[in-house]
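The structure appears below as structure tokens.
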Amino acid sequence: MIYHELGASGVKISALSFGAMRWQSEAACRAIMERGMDAGLNYVDTSTGYVDGKSHVWVANAIRQRRSDIMFSTKTGYGQAHKAKIFEKALAERLKTLRLDYADMVQVWGIETMATLEAALAKGGTVDGARQAQRDGLVRHGIGFTFHGPPEVFRAAVDSGEFISATVSYNLLNRKQEDLLAYAAERGVGTIIMNPLGGGILGMAEREEFGFLRGPDAGSAYGALRFLLANQNISASIVGFSAVEEVDESARALAQPDELTESYRRTLIKRMAEVPQPEGNFCTGCGYCKDCPEGFKPPKFMKSMRDFARYISESARLAPWLASRYEGAQAAAEALARCVECGQCEEKCPQKLPIIQEIRRAKTSLGISKETP
Ligand code: SF4
Ligand code: SF4
């Protein structure tokens, strides 16, 4: 394994680490984490919301006997419900339930606007609570933030001096945040990459256009991960493994570290610019958009639309595709018709995907008018 300093925190983090929002079962989580920890992965990014709340518990069960091998990172929000006192109590209760003595890091989730950052940093806010939890021994290393907003908010969060890490979406298909990675690294804030495979697209065996990313006995995830490993401004990338074999395959990307240079990275960027960019949405299935006041299920719908664009992309076949993916034809039609386009789901989407536009497209395909329930 390659280990990097997490900014100026003094913490050494494995360059490949665990994302924890895609476990298929507790058995799979345990097997994957065992294999990964054996390979030297030492950081897991979890949250209470992942896998309907089960991820946290499964991860805690998987690491309890090997607690010193791995850093456990949990998350919190920034609003009224996450004020300092409330947060401290909630974290203590969370750790008690998980039967863990401490978390290694707490990340303030979803810093997107100046207002959310100010709320997190306000006196008596989440960061105050996390600091107190750190003084109480419940948080070992410090506080990070996860980011989905504009650059000025990111820079302000880094400049606040309160955070040891920033978790950012970045990959070979989407390099929008590249300058921010350098900004954080130069100021001693570690950078952790989420969505390293572009919602899985970069690792898909059937995408011939990404063949240049394949390695010896390895699929295109090999090159996509090496692209990140070659970036000196990146501390770690969290990979959402869904099978033990994916841990082994990802570990192959660590081979020949001497080749992981800036010039290698530039070559991959150049090659990527030469291939047609994939169309369709890049839904990662994160589920952040799940609470629709009308009872629609945006994550299920958006994943169906993403897969339709990848595998079929033939308008006439959208209606039967959605029917098969969204609980049958009638349920799909009724659910779509309920959407009043309030925009709440789009606001929560970290990828800023045009959910309403996709809903409109599906409604047209299914012949649904606004009045048809
Ligand atoms: S835009 Fe539609 S799907 Fe999204 S939250 Fe509003 S009603 Fe639900
Ligand atoms: S549409 Fe956005 S928020 Fe919803 S599951 Fe997909 S990536 Fe996540």
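Within each chain, counting starts at residue 1; across the structure tokens, chains are named A, B, ... in the order shown, with ligands numbered 1 upward in that order.
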Please identify every residue of range 279-304 of chain A that has at least one atom no farther than 12 Å from an atom of range 189-195 of chain A, counting only C-alpha atoms, and for each give the shortest atom pair and the distance in Å to one decimal, arranged by chain then increasing number, as CSV.
residue,atom,partner,partner_atom,distance
A:Phe282,CA,A:Asn195,CA,10.0
A:Cys283,CA,A:Asn195,CA,10.2
A:Thr284,CA,A:Asn195,CA,7.5
A:Gly285,CA,A:Asn195,CA,10.6
A:Cys286,CA,A:Asn195,CA,9.9
Give me a file of those residues, with N, CA and C atoms, as an mmCIF file, in the first residue's frame.
data_model
loop_
_atom_site.group_PDB
_atom_site.id
_atom_site.type_symbol
_atom_site.label_atom_id
_atom_site.label_comp_id
_atom_site.auth_asym_id
_atom_site.auth_seq_id
_atom_site.Cartn_x
_atom_site.Cartn_y
_atom_site.Cartn_z
ATOM 1 N N PHE A 282 -24.754 10.909 -14.477
ATOM 2 C CA PHE A 282 -23.665 10.280 -13.747
ATOM 3 C C PHE A 282 -24.107 9.979 -12.316
ATOM 4 N N CYS A 283 -25.351 9.575 -12.183
ATOM 5 C CA CYS A 283 -25.874 9.280 -10.842
ATOM 6 C C CYS A 283 -24.989 8.235 -10.165
ATOM 7 N N THR A 284 -24.592 8.535 -8.941
ATOM 8 C CA THR A 284 -23.733 7.603 -8.204
ATOM 9 C C THR A 284 -24.548 6.704 -7.279
ATOM 10 N N GLY A 285 -25.883 6.950 -7.250
ATOM 11 C CA GLY A 285 -26.718 6.134 -6.369
ATOM 12 C C GLY A 285 -26.530 6.473 -4.902
ATOM 13 N N CYS A 286 -26.065 7.681 -4.608
ATOM 14 C CA CYS A 286 -25.750 8.032 -3.218
ATOM 15 C C CYS A 286 -26.997 8.102 -2.333
#
*What residues have any atom no more than 7 Å from ligand 2 when counting only C-alpha atoms and all ligand atoms, and can you list them as a PyMOL selection string?*
chain A and resi 282-290+298-299+302-303+345+348-353+355
*Fewer than 3 positions away in the same chain doesn't count, so skip those; otherwise give me all residues within 10 Å of range 324-339 of chain A, counting only C-alpha atoms, as a ChimeraX atom specification.*
/A:292-298,300-301,303-305,307-308,318-321,342-343,356,359-360,362-363,366-373
_Near-Gly142 in chain A list (7 Å; only C-alpha atoms; drop same-chain fewer than 6 positions) as a PyMOL selection string_ = chain A and resi 105-106+134+164
*Could you tell me, as a ChimeraX atom specification, which residues of range 91-122 of chain A DSSP assigns to strand (DSSP E or B) when given the backbone?*
/A:103-111
Output the selection as an mmCIF file, in the first residue's frame - C-alpha atoms for each residue.
data_model
loop_
_atom_site.group_PDB
_atom_site.id
_atom_site.type_symbol
_atom_site.label_atom_id
_atom_site.label_comp_id
_atom_site.auth_asym_id
_atom_site.auth_seq_id
_atom_site.Cartn_x
_atom_site.Cartn_y
_atom_site.Cartn_z
ATOM 1 C CA ALA A 103 -14.250 7.835 15.859
ATOM 2 C CA ASP A 104 -11.030 8.843 14.159
ATOM 3 C CA MET A 105 -12.603 11.650 12.206
ATOM 4 C CA VAL A 106 -15.889 13.500 11.939
ATOM 5 C CA GLN A 107 -16.772 15.081 8.628
ATOM 6 C CA VAL A 108 -19.233 17.922 8.325
ATOM 7 C CA TRP A 109 -21.343 16.779 5.437
ATOM 8 C CA GLY A 110 -22.395 18.843 2.451
ATOM 9 C CA ILE A 111 -20.612 22.196 2.788
#
*Grab the CA of Met114 in chain A to CA of Gly77 in chain A distance for me, in Å with one decimal place.*
14.5 Å
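Using only C-alpha atoms, the nearest neighbour of Asn231 in chain A within the list A:Glu358, A:Glu274, A:Glu262, A:Asp101 is A:Glu262.
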*Within range 204-273 of chain A, find each residue whose DSSP state, derived from the backbone, is helix (DSSP H, G or I), and express the selection as a PyMOL selection string.*
chain A and resi 208-213+221-229+244-252+257-259+262-273
*Hey, can you check how far CA of Thr74 in chain A sits from CA of Thr48 in chain A?*
7.5 Å
*Distance query Arg64 in chain A at most 10 Å, only C-alpha atoms, self and fewer than 3 positions along chain excluded, as number ranges by chain*: A: 59-61, 67-70, 98-101
_Long-range neighbours of Gly219 in chain A as a list in words, 9 Å cut-off, only C-alpha atoms, 6 positions minimum in chain_ = Gly203, Met204, Ala205, Gly211, Leu213 and Glu249 of chain A
Selected residues, N, CA and C atoms, written as a short mmCIF file (atom, residue, chain, number, x, y, z; two decimals), in the first residue's frame, please.
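The resulting file, result.cif, is shown below:
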data_model
loop_
_atom_site.label_atom_id
_atom_site.label_comp_id
_atom_site.auth_asym_id
_atom_site.auth_seq_id
_atom_site.Cartn_x
_atom_site.Cartn_y
_atom_site.Cartn_z
N GLY A 203 -14.92 2.13 -14.68
CA GLY A 203 -14.52 0.75 -14.43
C GLY A 203 -15.31 -0.27 -15.22
N MET A 204 -16.17 0.21 -16.12
CA MET A 204 -17.06 -0.73 -16.82
C MET A 204 -16.34 -1.46 -17.95
N ALA A 205 -16.38 -2.79 -17.87
CA ALA A 205 -15.63 -3.62 -18.83
C ALA A 205 -16.09 -3.39 -20.27
N GLY A 211 -10.49 1.58 -22.99
CA GLY A 211 -9.52 0.49 -23.04
C GLY A 211 -8.11 0.93 -22.71
N LEU A 213 -7.16 2.59 -20.41
CA LEU A 213 -6.95 2.62 -18.95
C LEU A 213 -6.68 1.22 -18.38
N GLU A 249 -8.42 -6.09 -7.49
CA GLU A 249 -8.17 -5.40 -8.76
C GLU A 249 -7.67 -3.97 -8.51
#
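In this model, the gap between CA of Leu180 in chain A and CA of Ala115 in chain A comes to 19.5 Å.
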*Extract, using only C-alpha atoms, all DNA, RNA and protein residues at most 8 Å from range 125-129 of chain A, discarding same-chain residues fewer than 6 positions from it, and format them as number ranges by chain.*
A: 76-79, 82-88, 108, 119, 143, 162
